[in-house]
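Structure first, then comments.
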Amino acid sequence: QVRLVESGGGLVQAGDSLRLSCAASGGTFSSYTMGWFRQAPGKEREFVAAIHWSGSRNDYADSVKGRFTISRDNAKNTVFLQMNSLKPEDTAVYYCAAVSRRTVWYTSRNLGDYNTWGQGTQVTVSS
């Protein structure tokens, strides 16, 4: 079972950039589709971005499309979320998640498809 640890969160101003990292260990990273989700106070956890285990397909929530970029470095067992032009509404705890290609073949937006989660990293964007 892969284990995930996020890092890179922080407090920034609107318009700034941040890059989140999620380091994986204990599994064959290249066989996992990786996702980023976020949860703001009082709201449900929502999909942000995902990258297929093959690296061939990315998917983004409409709210972040054009501003956020997901990528992976299989040699470093790490997935990244580059966040540009941050807005106050991007404030949330960001979670990294993984699902094996044996479980889900496609690039999923469904929170329930992911069976491994990190502990989360706080991103706060001030106006």
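Just so we're on the same page: first chain in the structure tokens is A, next is B, and so on; residues restart at 1 for each chain, and ligands are numbered from 1 in the order they show up.
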
Q: Would you list the contacts of region 55-65 of chain A as a PyMOL selection string, taking every protein, DNA or RNA residue within 12 Å and counting only C-alpha atoms, but skipping same-chain residues closer than 3 positions in sequence?
A: chain A and resi 29-38+46-52+68-74+79+81-87+89-90+105-110

Q: Find the spatial neighbours of Thr78 (chain A), counting only C-alpha atoms, within a cut-off of 8 Å - ignore same-chain residues fewer than 6 positions away - and output them as an MDAnalysis selection string.
A: chainID A and resid 21:24 72

All heavy atoms of the current selection, written as a PDB file, in the first residue's frame:
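again_27.pdb, freshly written:
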```pdb
ATOM      1  N   SER A  21       3.690  19.465  -3.306  1.00  0.00           N
ATOM      2  CA  SER A  21       4.320  18.185  -3.632  1.00  0.00           C
ATOM      3  C   SER A  21       3.670  17.088  -2.813  1.00  0.00           C
ATOM      4  O   SER A  21       3.193  17.324  -1.703  1.00  0.00           O
ATOM      5  CB  SER A  21       5.816  18.227  -3.315  1.00  0.00           C
ATOM      6  OG  SER A  21       6.484  19.221  -4.049  1.00  0.00           O
ATOM      7  N   CYS A  22       3.661  15.909  -3.373  1.00  0.00           N
ATOM      8  CA  CYS A  22       3.143  14.734  -2.672  1.00  0.00           C
ATOM      9  C   CYS A  22       4.125  13.605  -2.928  1.00  0.00           C
ATOM     10  O   CYS A  22       4.248  13.113  -4.055  1.00  0.00           O
ATOM     11  CB  CYS A  22       1.757  14.383  -3.174  1.00  0.00           C
ATOM     12  SG  CYS A  22       1.110  12.832  -2.519  1.00  0.00           S
ATOM     13  N   ALA A  23       4.821  13.207  -1.878  1.00  0.00           N
ATOM     14  CA  ALA A  23       5.809  12.144  -1.977  1.00  0.00           C
ATOM     15  C   ALA A  23       5.176  10.815  -1.604  1.00  0.00           C
ATOM     16  O   ALA A  23       4.523  10.704  -0.563  1.00  0.00           O
ATOM     17  CB  ALA A  23       6.989  12.438  -1.068  1.00  0.00           C
ATOM     18  N   ALA A  24       5.375   9.824  -2.457  1.00  0.00           N
ATOM     19  CA  ALA A  24       4.805   8.499  -2.235  1.00  0.00           C
ATOM     20  C   ALA A  24       5.894   7.507  -1.848  1.00  0.00           C
ATOM     21  O   ALA A  24       7.031   7.604  -2.317  1.00  0.00           O
ATOM     22  CB  ALA A  24       4.093   8.024  -3.494  1.00  0.00           C
ATOM     23  N   ARG A  72       3.858  14.686 -12.682  1.00  0.00           N
ATOM     24  CA  ARG A  72       4.432  13.632 -11.848  1.00  0.00           C
ATOM     25  C   ARG A  72       5.856  13.358 -12.287  1.00  0.00           C
ATOM     26  O   ARG A  72       6.204  13.511 -13.472  1.00  0.00           O
ATOM     27  CB  ARG A  72       3.588  12.356 -11.911  1.00  0.00           C
ATOM     28  CG  ARG A  72       3.534  11.679 -13.265  1.00  0.00           C
ATOM     29  CD  ARG A  72       2.456  10.579 -13.280  1.00  0.00           C
ATOM     30  NE  ARG A  72       2.731   9.546 -12.294  1.00  0.00           N
ATOM     31  CZ  ARG A  72       1.789   8.755 -11.759  1.00  0.00           C
ATOM     32  NH1 ARG A  72       0.520   8.892 -12.126  1.00  0.00           N
ATOM     33  NH2 ARG A  72       2.115   7.838 -10.866  1.00  0.00           N
TER      34      ARG A  72
END
```

Q: List every residue of chain A that DSSP, applied to the backbone, labels as helix (DSSP H, G or I), and write the result as a count of residues only.
A: 12

Q) Using only C-alpha atoms, which residues sit within 6 Å of Ser126 (chain A) once same-chain residues fewer than 5 positions away are excluded, as a ChimeraX atom specification? A) /A:13-14,88

Q.
I need the strand (DSSP E) residues of region 25-86 of chain A per DSSP on the backbone, written as a PyMOL selection string.
A. chain A and resi 25+32-39+46-51+58-60+68-73+78-83

Q: With a distance cut-off of 8 Å and only C-alpha atoms, select the neighbouring residues of Gln119 (chain A), excluding the residue or stretch itself and same-chain residues fewer than 2 positions from it, and output the selection as a list in words.
A: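 Contacts, in chain order: Leu4, Val5, Glu6, Tyr95, Trp117 and Thr121 of chain A.
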
(Q) Taking only C-alpha atoms into account, name the residue in A:Gly42, A:Gly118, A:Gly26, A:Gly112 that is nearest to Cys96 (chain A). (A)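 Using only C-alpha atoms, Cys96 (chain A) sits closest to A:Gly118.
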
Q: Take CA of Gly15 (chain A) and CA of Gly120 (chain A) and report the distance between them in Å, one decimal.
A: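 Separation of CA of Gly15 (chain A) and CA of Gly120 (chain A): 22.2 Å.
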
Q | Distance in Å - CA of Ala98 (chain A) versus CA of Gln1 (chain A) | A |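 For CA of Ala98 (chain A) relative to CA of Gln1 (chain A), the distance reads 9.9 Å.
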
Q.
What's the separation between CA of Asn77 (chain A) and CA of Ser17 (chain A), in Å to one decimal place?
A. 22.7 Å

Q. Gly10 (chain A): which residues within 10 Å, counting only C-alpha atoms, same-chain residues fewer than 5 positions away excluded, as a list in words?
A.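 Here the answer would be Leu18, Arg19, Leu20, Thr91, Thr121, Gln122, Val123, Thr124 and Val125 of chain A.
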